$ cat input25.pdb   # PDB, C-alpha atoms and all ligand atoms
ATOM      1  CA  MET C   1       6.711  17.620  -0.913
ATOM      2  CA  SER C   2       5.112  14.517   0.424
ATOM      3  CA  PHE C   3       6.836  11.354   1.597
ATOM      4  CA  THR C   4       5.529   8.330  -0.273
ATOM      5  CA  VAL C   5       5.687   4.821   1.153
ATOM      6  CA  ALA C   6       4.606   1.903  -1.023
ATOM      7  CA  VAL C   7       4.116  -1.736  -0.098
ATOM      8  CA  SER C   8       4.549  -4.558  -2.585
ATOM      9  CA  GLY C   9       5.097  -8.316  -2.525
ATOM     10  CA  LYS C  10       3.372 -11.566  -3.373
ATOM     11  CA  GLY C  11      -0.321 -11.979  -2.509
ATOM     12  CA  GLY C  12      -1.041 -13.055   1.046
ATOM     13  CA  THR C  13       2.335 -12.024   2.471
ATOM     14  CA  GLY C  14       0.822  -9.250   4.585
ATOM     15  CA  LYS C  15       1.044  -6.124   2.408
ATOM     16  CA  THR C  16      -2.317  -4.707   3.397
ATOM     17  CA  THR C  17      -1.748  -5.518   7.056
ATOM     18  CA  LEU C  18       1.605  -3.727   6.878
ATOM     19  CA  ALA C  19       0.081  -0.720   5.086
ATOM     20  CA  GLY C  20      -2.410  -0.467   7.960
ATOM     21  CA  MET C  21       0.429  -0.574  10.482
ATOM     22  CA  ILE C  22       2.291   2.210   8.659
ATOM     23  CA  ILE C  23      -0.786   4.427   8.717
ATOM     24  CA  ARG C  24      -1.346   3.680  12.410
ATOM     25  CA  TYR C  25       2.291   4.542  13.133
ATOM     26  CA  LEU C  26       2.144   7.848  11.252
ATOM     27  CA  LEU C  27      -1.080   8.813  13.012
ATOM     28  CA  ASP C  28       0.394   8.029  16.416
ATOM     29  CA  LYS C  29       3.405  10.165  15.531
ATOM     30  CA  LYS C  30       0.976  12.977  14.626
ATOM     31  CA  LYS C  31       2.265  12.950  11.076
ATOM     32  CA  GLY C  32      -1.052  13.420   9.387
ATOM     33  CA  PRO C  33      -2.900  14.063   7.254
ATOM     34  CA  ILE C  34      -2.168  10.875   5.359
ATOM     35  CA  LEU C  35      -3.468   9.775   2.015
ATOM     36  CA  ALA C  36      -3.958   6.026   1.929
ATOM     37  CA  VAL C  37      -4.076   4.679  -1.627
ATOM     38  CA  ASP C  38      -5.470   1.233  -2.258
ATOM     39  CA  ALA C  39      -3.884   0.309  -5.576
ATOM     40  CA  ASP C  40      -4.881  -3.338  -5.352
ATOM     41  CA  SER C  41      -7.828  -4.052  -7.650
ATOM     42  CA  ASN C  42      -9.218  -6.412  -5.012
ATOM     43  CA  SER C  43      -9.464  -3.447  -2.658
ATOM     44  CA  ASN C  44      -9.466  -4.393   1.005
ATOM     45  CA  LEU C  45      -7.322  -1.790   2.698
ATOM     46  CA  ASN C  46     -10.574  -0.235   3.896
ATOM     47  CA  GLU C  47     -11.319  -3.419   5.856
ATOM     48  CA  VAL C  48      -7.937  -3.365   7.559
ATOM     49  CA  LEU C  49      -8.524   0.311   8.393
ATOM     50  CA  GLY C  50     -12.134  -0.267   9.398
ATOM     51  CA  VAL C  51     -13.625   2.426   7.144
ATOM     52  CA  GLU C  52     -16.303   2.625   4.483
ATOM     53  CA  LEU C  53     -15.593   2.899   0.781
ATOM     54  CA  ARG C  54     -18.328   4.311  -1.433
ATOM     55  CA  SER C  55     -16.672   4.049  -4.827
ATOM     56  CA  THR C  56     -13.330   3.806  -6.619
ATOM     57  CA  ILE C  57     -11.398   5.783  -9.220
ATOM     58  CA  GLY C  58     -11.991   2.888 -11.621
ATOM     59  CA  GLU C  59     -15.743   3.315 -11.245
ATOM     60  CA  ALA C  60     -15.479   7.062 -11.773
ATOM     61  CA  ARG C  61     -13.543   6.385 -14.952
ATOM     62  CA  GLU C  62     -16.186   3.957 -16.158
ATOM     63  CA  MET C  63     -18.813   6.607 -15.642
ATOM     64  CA  MET C  64     -16.855   8.974 -17.823
ATOM     65  CA  LYS C  65     -17.891   6.829 -20.761
ATOM     66  CA  GLN C  66     -21.495   7.668 -20.076
ATOM     67  CA  ASP C  67     -23.110  11.027 -20.489
ATOM     68  CA  VAL C  68     -21.738  13.841 -18.436
ATOM     69  CA  PRO C  69     -24.475  15.861 -16.647
ATOM     70  CA  ALA C  70     -25.656  18.931 -18.533
ATOM     71  CA  GLY C  71     -23.719  22.080 -17.776
ATOM     72  CA  MET C  72     -20.587  20.230 -16.571
ATOM     73  CA  THR C  73     -17.333  19.627 -18.393
ATOM     74  CA  LYS C  74     -15.900  16.102 -18.354
ATOM     75  CA  ASP C  75     -12.944  17.288 -16.273
ATOM     76  CA  VAL C  76     -15.071  18.931 -13.615
ATOM     77  CA  TRP C  77     -17.393  15.988 -13.408
ATOM     78  CA  PHE C  78     -14.560  13.512 -13.086
ATOM     79  CA  GLU C  79     -12.908  15.572 -10.363
ATOM     80  CA  TYR C  80     -16.224  15.634  -8.571
ATOM     81  CA  LYS C  81     -16.434  11.838  -8.833
ATOM     82  CA  VAL C  82     -12.914  11.444  -7.452
ATOM     83  CA  GLN C  83     -13.795  13.658  -4.502
ATOM     84  CA  GLU C  84     -16.850  11.491  -3.967
ATOM     85  CA  ALA C  85     -14.676   8.345  -3.942
ATOM     86  CA  LEU C  86     -12.387   9.831  -1.302
ATOM     87  CA  SER C  87     -13.192   8.390   2.112
ATOM     88  CA  GLU C  88     -12.422  11.021   4.744
ATOM     89  CA  ASN C  89     -11.478   9.849   8.214
ATOM     90  CA  ARG C  90      -9.734  11.090  11.327
ATOM     91  CA  GLY C  91      -6.165  11.893  10.303
ATOM     92  CA  PHE C  92      -6.281  10.046   7.003
ATOM     93  CA  ASP C  93      -8.204   9.853   3.766
ATOM     94  CA  LEU C  94      -8.520   6.733   1.670
ATOM     95  CA  ILE C  95      -8.851   6.429  -2.082
ATOM     96  CA  ALA C  96      -9.166   3.107  -3.897
ATOM     97  CA  MET C  97      -8.190   2.576  -7.520
ATOM     98  CA  GLY C  98     -10.600  -0.281  -8.107
ATOM     99  CA  ARG C  99     -10.325  -2.487 -11.158
ATOM    100  CA  PRO C 100      -7.894  -1.675 -13.915
ATOM    101  CA  GLU C 101      -9.512  -0.438 -17.079
ATOM    102  CA  GLY C 102     -10.650  -3.126 -19.487
ATOM    103  CA  PRO C 103     -10.405  -3.141 -23.273
ATOM    104  CA  GLY C 104     -11.932  -0.217 -25.080
ATOM    105  CA  CYS C 105     -10.842   2.228 -22.437
ATOM    106  CA  TYR C 106      -9.829   5.697 -23.463
ATOM    107  CA  CYS C 107      -6.446   7.195 -22.846
ATOM    108  CA  ALA C 108      -8.080  10.514 -22.129
ATOM    109  CA  ALA C 109      -9.777   9.012 -19.084
ATOM    110  CA  ASN C 110      -6.450   7.589 -17.941
ATOM    111  CA  THR C 111      -4.707  10.902 -18.315
ATOM    112  CA  LEU C 112      -7.444  12.555 -16.357
ATOM    113  CA  ALA C 113      -7.282   9.940 -13.603
ATOM    114  CA  ARG C 114      -3.569  10.522 -13.374
ATOM    115  CA  LYS C 115      -4.073  14.267 -13.168
ATOM    116  CA  CYS C 116      -6.639  13.854 -10.423
ATOM    117  CA  LEU C 117      -4.493  11.549  -8.352
ATOM    118  CA  ASP C 118      -1.505  13.845  -8.695
ATOM    119  CA  LEU C 119      -3.694  16.738  -7.645
ATOM    120  CA  LEU C 120      -4.987  14.825  -4.651
ATOM    121  CA  THR C 121      -1.592  13.626  -3.469
ATOM    122  CA  GLY C 122      -0.331  17.196  -3.371
ATOM    123  CA  ASN C 123      -2.463  17.850  -0.293
ATOM    124  CA  TYR C 124      -0.832  15.311   2.015
ATOM    125  CA  PRO C 125       2.600  15.189   3.672
ATOM    126  CA  TYR C 126       2.432  11.363   3.740
ATOM    127  CA  ILE C 127       1.120   8.930   1.170
ATOM    128  CA  VAL C 128       0.863   5.209   1.869
ATOM    129  CA  ILE C 129       0.163   2.921  -1.073
ATOM    130  CA  ASP C 130      -0.974  -0.675  -0.808
ATOM    131  CA  ASN C 131      -0.266  -2.510  -4.054
ATOM    132  CA  GLU C 132      -0.795  -5.726  -5.888
ATOM    133  CA  ALA C 133       2.331  -7.913  -6.166
ATOM    134  CA  GLY C 134       4.016  -5.517  -8.580
ATOM    135  CA  MET C 135       3.028  -1.910  -8.989
ATOM    136  CA  GLU C 136       1.828  -1.801 -12.595
ATOM    137  CA  HIS C 137      -1.619  -0.550 -11.762
ATOM    138  CA  PHE C 138      -0.257   2.245  -9.636
ATOM    139  CA  SER C 139       2.457   3.218 -12.098
ATOM    140  CA  ARG C 140      -0.158   3.708 -14.789
ATOM    141  CA  LEU C 141      -1.926   6.209 -12.589
ATOM    142  CA  THR C 142       0.915   8.326 -11.402
ATOM    143  CA  THR C 143       4.448   9.356 -12.182
ATOM    144  CA  ARG C 144       5.317  10.270  -8.633
ATOM    145  CA  ASP C 145       8.488   9.093  -6.921
ATOM    146  CA  VAL C 146       8.376   6.464  -4.224
ATOM    147  CA  ASP C 147      10.555   7.447  -1.274
ATOM    148  CA  LEU C 148      10.351   4.117   0.460
ATOM    149  CA  LEU C 149       9.308   0.766  -0.966
ATOM    150  CA  PHE C 150       8.670  -2.121   1.382
ATOM    151  CA  ILE C 151       8.769  -5.529  -0.270
ATOM    152  CA  VAL C 152       7.037  -8.101   1.898
ATOM    153  CA  SER C 153       7.953 -11.768   1.901
ATOM    154  CA  ASP C 154       7.450 -14.739   4.149
ATOM    155  CA  SER C 155      10.476 -16.444   5.623
ATOM    156  CA  SER C 156      10.863 -19.212   3.043
ATOM    157  CA  ARG C 157      13.751 -19.198   0.618
ATOM    158  CA  ARG C 158      11.393 -19.412  -2.335
ATOM    159  CA  SER C 159       9.419 -16.445  -1.191
ATOM    160  CA  ILE C 160      12.642 -14.413  -1.014
ATOM    161  CA  LEU C 161      13.290 -15.324  -4.638
ATOM    162  CA  THR C 162       9.784 -14.200  -5.539
ATOM    163  CA  ALA C 163      10.348 -10.919  -3.722
ATOM    164  CA  SER C 164      13.494 -10.327  -5.709
ATOM    165  CA  ARG C 165      11.661 -11.079  -8.957
ATOM    166  CA  ILE C 166       8.933  -8.615  -8.017
ATOM    167  CA  ARG C 167      11.611  -6.033  -7.245
ATOM    168  CA  ASP C 168      13.087  -6.563 -10.714
ATOM    169  CA  LEU C 169       9.677  -6.133 -12.351
ATOM    170  CA  ILE C 170       9.033  -2.923 -10.431
ATOM    171  CA  HIS C 171      12.367  -1.606 -11.681
ATOM    172  CA  GLN C 172      11.047  -1.888 -15.223
ATOM    173  CA  LEU C 173       8.197   0.489 -14.458
ATOM    174  CA  ASP C 174       8.267   4.199 -14.920
ATOM    175  CA  LEU C 175       8.756   4.932 -11.225
ATOM    176  CA  ARG C 176      11.681   6.329  -9.314
ATOM    177  CA  ILE C 177      12.287   4.514  -6.056
ATOM    178  CA  VAL C 178      14.585   6.127  -3.549
ATOM    179  CA  ARG C 179      14.911   3.265  -1.096
ATOM    180  CA  GLU C 180      13.888  -0.406  -1.096
ATOM    181  CA  ILE C 181      13.588  -2.487   2.014
ATOM    182  CA  LEU C 182      12.659  -6.140   2.441
ATOM    183  CA  ILE C 183      10.370  -7.067   5.306
ATOM    184  CA  ILE C 184       9.951 -10.674   6.303
ATOM    185  CA  ASN C 185       6.529 -11.267   7.749
ATOM    186  CA  ARG C 186       4.958 -14.144   9.646
ATOM    187  CA  ALA C 187       8.275 -15.504  10.770
ATOM    188  CA  PRO C 188       7.963 -18.485  13.079
ATOM    189  CA  GLU C 189       9.474 -17.604  16.415
ATOM    190  CA  GLN C 190      12.805 -19.318  16.943
ATOM    191  CA  GLY C 191      14.560 -16.741  19.004
ATOM    192  CA  GLY C 192      13.890 -14.173  16.290
ATOM    193  CA  ALA C 193      16.644 -15.433  13.963
ATOM    194  CA  LEU C 194      16.172 -16.647  10.389
ATOM    195  CA  PRO C 195      17.779 -19.824   9.044
ATOM    196  CA  ALA C 196      21.222 -19.201   7.552
ATOM    197  CA  ASP C 197      20.088 -20.356   4.091
ATOM    198  CA  VAL C 198      17.339 -17.753   4.028
ATOM    199  CA  LEU C 199      19.712 -14.980   5.070
ATOM    200  CA  LYS C 200      22.149 -16.110   2.405
ATOM    201  CA  GLU C 201      19.425 -15.870  -0.227
ATOM    202  CA  VAL C 202      18.532 -12.349   0.931
ATOM    203  CA  GLU C 203      22.152 -11.388   0.453
ATOM    204  CA  GLN C 204      22.520 -13.113  -2.889
ATOM    205  CA  GLN C 205      19.453 -11.368  -4.228
ATOM    206  CA  LYS C 206      20.879  -8.052  -3.057
ATOM    207  CA  LEU C 207      17.846  -7.305  -0.935
ATOM    208  CA  GLN C 208      18.205  -5.045   2.078
ATOM    209  CA  LEU C 209      16.513  -6.653   5.056
ATOM    210  CA  GLY C 210      14.743  -4.024   7.145
ATOM    211  CA  GLY C 211      13.326  -6.338   9.770
ATOM    212  CA  ILE C 212      11.277  -9.364  10.658
ATOM    213  CA  LEU C 213       7.675  -9.447  11.833
ATOM    214  CA  PRO C 214       6.632 -12.512  13.786
ATOM    215  CA  GLU C 215       3.558 -14.601  13.203
ATOM    216  CA  ASP C 216       1.124 -12.895  15.556
ATOM    217  CA  GLU C 217      -1.782 -14.691  17.125
ATOM    218  CA  ALA C 218      -3.489 -11.340  17.803
ATOM    219  CA  ILE C 219      -3.683 -10.625  14.050
ATOM    220  CA  TYR C 220      -5.225 -14.019  13.485
ATOM    221  CA  ARG C 221      -7.790 -13.400  16.216
ATOM    222  CA  TYR C 222      -8.724  -9.955  14.863
ATOM    223  CA  ASP C 223      -9.140 -11.467  11.420
ATOM    224  CA  LEU C 224     -11.380 -14.183  12.784
ATOM    225  CA  GLU C 225     -13.561 -11.708  14.651
ATOM    226  CA  GLY C 226     -13.754  -9.376  11.641
ATOM    227  CA  LYS C 227     -12.007  -6.583  13.534
ATOM    228  CA  PRO C 228      -9.750  -4.156  11.622
ATOM    229  CA  THR C 229      -6.101  -5.008  12.372
ATOM    230  CA  PHE C 230      -5.482  -1.242  12.268
ATOM    231  CA  GLN C 231      -6.852  -1.297  15.824
ATOM    232  CA  LEU C 232      -4.422  -3.913  17.119
ATOM    233  CA  PRO C 233      -3.089  -3.015  20.552
ATOM    234  CA  MET C 234       0.376  -1.470  20.740
ATOM    235  CA  ASP C 235       1.708  -4.444  22.671
ATOM    236  CA  SER C 236       0.919  -6.899  19.909
ATOM    237  CA  LYS C 237       4.157  -8.582  18.835
ATOM    238  CA  ALA C 238       3.920  -7.733  15.141
ATOM    239  CA  VAL C 239       2.953  -4.103  15.843
ATOM    240  CA  GLN C 240       5.936  -3.668  18.140
ATOM    241  CA  ALA C 241       8.326  -5.192  15.618
ATOM    242  CA  SER C 242       6.872  -3.058  12.824
ATOM    243  CA  ARG C 243       7.408   0.113  14.838
ATOM    244  CA  GLN C 244      11.095  -0.582  15.216
ATOM    245  CA  ILE C 245      11.347  -0.839  11.444
ATOM    246  CA  PHE C 246       9.320   2.331  10.819
ATOM    247  CA  GLU C 247      11.430   4.296  13.309
ATOM    248  CA  LYS C 248      14.442   3.460  11.190
ATOM    249  CA  TYR C 249      13.073   4.216   7.750
ATOM    250  CA  ILE C 250      10.209   6.695   7.990
ATOM    251  CA  GLN C 251      11.168  10.252   8.892
TER     252      GLN C 251
HETATM  253  N1  LIG C 301       2.295 -11.222  11.212
HETATM  254  C1  LIG C 301       1.142 -11.855  10.984
HETATM  255  N2  LIG C 301       0.687 -12.808  11.851
HETATM  256  C2  LIG C 301      -0.459 -13.466  11.628
HETATM  257  N3  LIG C 301      -1.252 -13.256  10.571
HETATM  258  C3  LIG C 301      -0.872 -12.336   9.667
HETATM  259  C4  LIG C 301       0.328 -11.579   9.824
HETATM  260  N4  LIG C 301       0.427 -10.724   8.783
HETATM  261  C5  LIG C 301      -0.655 -10.928   8.011
HETATM  262  N5  LIG C 301      -1.445 -11.891   8.520
HETATM  263  C6  LIG C 301      -2.699 -12.419   7.943
HETATM  264  O1  LIG C 301      -2.393 -12.954   6.666
HETATM  265  C7  LIG C 301      -3.454 -12.746   5.745
HETATM  266  C8  LIG C 301      -2.939 -12.000   4.516
HETATM  267  O2  LIG C 301      -2.554 -10.692   4.898
HETATM  268  P1  LIG C 301      -2.778  -9.438   3.954
HETATM  269  O3  LIG C 301      -2.230  -8.257   4.658
HETATM  270  O4  LIG C 301      -4.189  -9.363   3.482
HETATM  271  O5  LIG C 301      -1.825  -9.851   2.733
HETATM  272  P2  LIG C 301      -1.718  -9.233   1.265
HETATM  273  O6  LIG C 301      -2.244  -7.831   1.305
HETATM  274  O7  LIG C 301      -0.249  -9.281   0.957
HETATM  275  O8  LIG C 301      -2.494 -10.125   0.365
HETATM  276  C9  LIG C 301      -4.520 -11.980   6.495
HETATM  277  O9  LIG C 301      -5.473 -12.866   6.949
HETATM  278  C10 LIG C 301      -3.743 -11.347   7.665
HETATM  279  O10 LIG C 301      -4.556 -11.095   8.756
HETATM  280 MG    MG C 302      -3.715  -6.909   0.138
END
$ encode --input "input25.pdb" --output "structure tokens" --more "lines below"
Ligand SMILES: Nc1ncnc2c1ncn2[C@@H]1O[C@H](COP(=O)(O)OP(=O)(O)O)[C@@H](O)[C@H]1O
Ligand SMILES: [Mg+2]
Amino acid sequence: MSFTVAVSGKGGTGKTTLAGMIIRYLLDKKKGPILAVDADSNSNLNEVLGVELRSTIGEAREMMKQDVPAGMTKDVWFEYKVQEALSENRGFDLIAMGRPEGPGCYCAANTLARKCLDLLTGNYPYIVIDNEAGMEHFSRLTTRDVDLLFIVSDSSRRSILTASRIRDLIHQLDLRIVREILIINRAPEQGGALPADVLKEVEQQKLQLGGILPEDEAIYRYDLEGKPTFQLPMDSKAVQASRQIFEKYIQ
């Protein structure tokens, strides 16, 4: 059985950055091999990880609508395409979902994509999934349980409300989530504490706060220089704070 960690939250809150930090943490703990799943249609987890992406599952599915090479069944060909989309790296592999299917798409292709992803995930003790705000796209592609869901928010009261709304939407999907943890990212440093009103909102929304990541100048600098934040030094403030959270929740 693999342990599945998913990251969700509003756009721009730091989901992909956090997914990269989780993968880095697992690698450092020698907990590979890891399957990284980019379930955001605007795939960019590969940039955070600093690896190449040749194609996506969405593209493979599109190709299914065209002619399958002679002498191959649709299933075999699709599996071959999924393997081709898998980016293999040291300690982790990355697969990106790409764009969700448009109108006129066939359920058969969806079912097959689901089968392939389920097949793939079986090979890894850890799966880390970077999502769009909610997890609709991912839920359509798999029925697997999520052991740990991180919901990322910034430190404003409104963003906490948004996080709780996203949590409610995810609950309506056909996914079983074992544990849900709120992470507040990009917190301005004021002795590490959040304003009382924000904490009150967290409580009122029945969110479990796992920890706070500070605004980190090193992340900004890496971004600016086009360097993958996956390679941030261990002593970066946000990386250190993230590790304390992961120690608590990821076995
Ligand atoms: N703790 C942080 N400190 C500074 N910048 C951050 C921090 N976390 C994320 N960022 C930056 O914020 C932007 C959005 O982050 P990203 O992970 O792409 O968000 P999302 O995947 O939720 O859209 C990126 O430019 C990223 O480098
Ligand atoms: Mg992202």
$ residues_near_ligand --input "input25.pdb" --ligand "ligand LIG 301 (chain C)" --cutoff "7 Å" --atoms "all atoms listed in the file" --output "list in words"
Gly9, Lys10, Gly11, Gly12, Thr13, Gly14, Lys15, Thr16, Thr17, Leu18, Asn185, Arg186, Leu213, Pro214, Glu215, Asp216, Glu217, Ile219, Tyr220, Asp223 and Ala238 of chain C
$ resolve_selection --input "input25.pdb" --expression "the PyMOL selection byres (((chain C and resi 80) around 12) and not hetatm)" --output "PyMOL selection string"
chain C and resi 57+60-61+63-64+68-69+72-79+81-86+113+116+120
$ closest_residue --input "input25.pdb" --among "C:Gly226, C:Pro125, C:Gly134, C:Pro195" --to "Leu175 (chain C)" --atoms "only C-alpha atoms"
C:Gly134
$ atom_distance --input "input25.pdb" --atom1 "CA of Leu117 (chain C)" --atom2 "CA of Leu35 (chain C)"
10.6 Å
$ resolve_selection --input "input25.pdb" --expression "the PyMOL selection byres (((chain C and resi 122) around 12) and not hetatm)" --output "list in words"
Met1, Ser2, Phe3, Thr4, Pro33, Ile34, Leu35, Lys115, Cys116, Leu117, Asp118, Leu119, Leu120, Thr121, Asn123, Tyr124, Pro125, Tyr126, Ile127 and Arg144 of chain C
$ closest_residue --input "input25.pdb" --among "C:Ile170, C:Val202, C:Ala187, C:Leu26" --to "Gly91 (chain C)" --atoms "all atoms listed in the file"
C:Leu26
$ atom_distance --input "input25.pdb" --atom1 "CA of Ala218 (chain C)" --atom2 "CA of Ala96 (chain C)"
26.7 Å
$ residues_around --input "input25.pdb" --residues "Glu180 (chain C)" --least-positions-apart "5" --cutoff "7 Å" --atoms "all atoms listed in the file" --output "PyMOL selection string"
chain C and resi 148-150
$ closest_residue --input "input25.pdb" --among "C:Ala108, C:Ile160, C:Leu182, C:Val48" --to "ligand MG 302 (chain C)" --atoms "only C-alpha atoms and all ligand atoms"
C:Val48
$ atom_distance --input "input25.pdb" --atom1 "CA of Asp130 (chain C)" --atom2 "CA of Ala39 (chain C)"
5.7 Å
$ residues_around --input "input25.pdb" --residues "Tyr25 (chain C)" --least-positions-apart "4" --cutoff "9 Å" --atoms "all atoms listed in the file" --output "PyMOL selection string"
chain C and resi 20-21+29-31+242-243+246
$ closest_residue --input "input25.pdb" --among "C:Thr229, C:Ser8, C:Ser156, C:Asn131" --to "Lys200 (chain C)" --atoms "all atoms listed in the file"
C:Ser156
$ resolve_selection --input "input25.pdb" --expression "the PyMOL selection byres (((chain C and resi 137) around 10) and not hetatm)" --output "PyMOL selection string"
chain C and resi 39-41+97-101+131-132+134-136+138-142
$ closest_residue --input "input25.pdb" --among "C:Lys227, C:Arg54, C:Arg179, C:Lys248" --to "Leu94 (chain C)" --atoms "all atoms listed in the file"
C:Arg54
$ closest_residue --input "input25.pdb" --among "C:Gly50, C:Asn110, C:Ile22, C:Gln205" --to "Thr162 (chain C)" --atoms "only C-alpha atoms"
C:Gln205
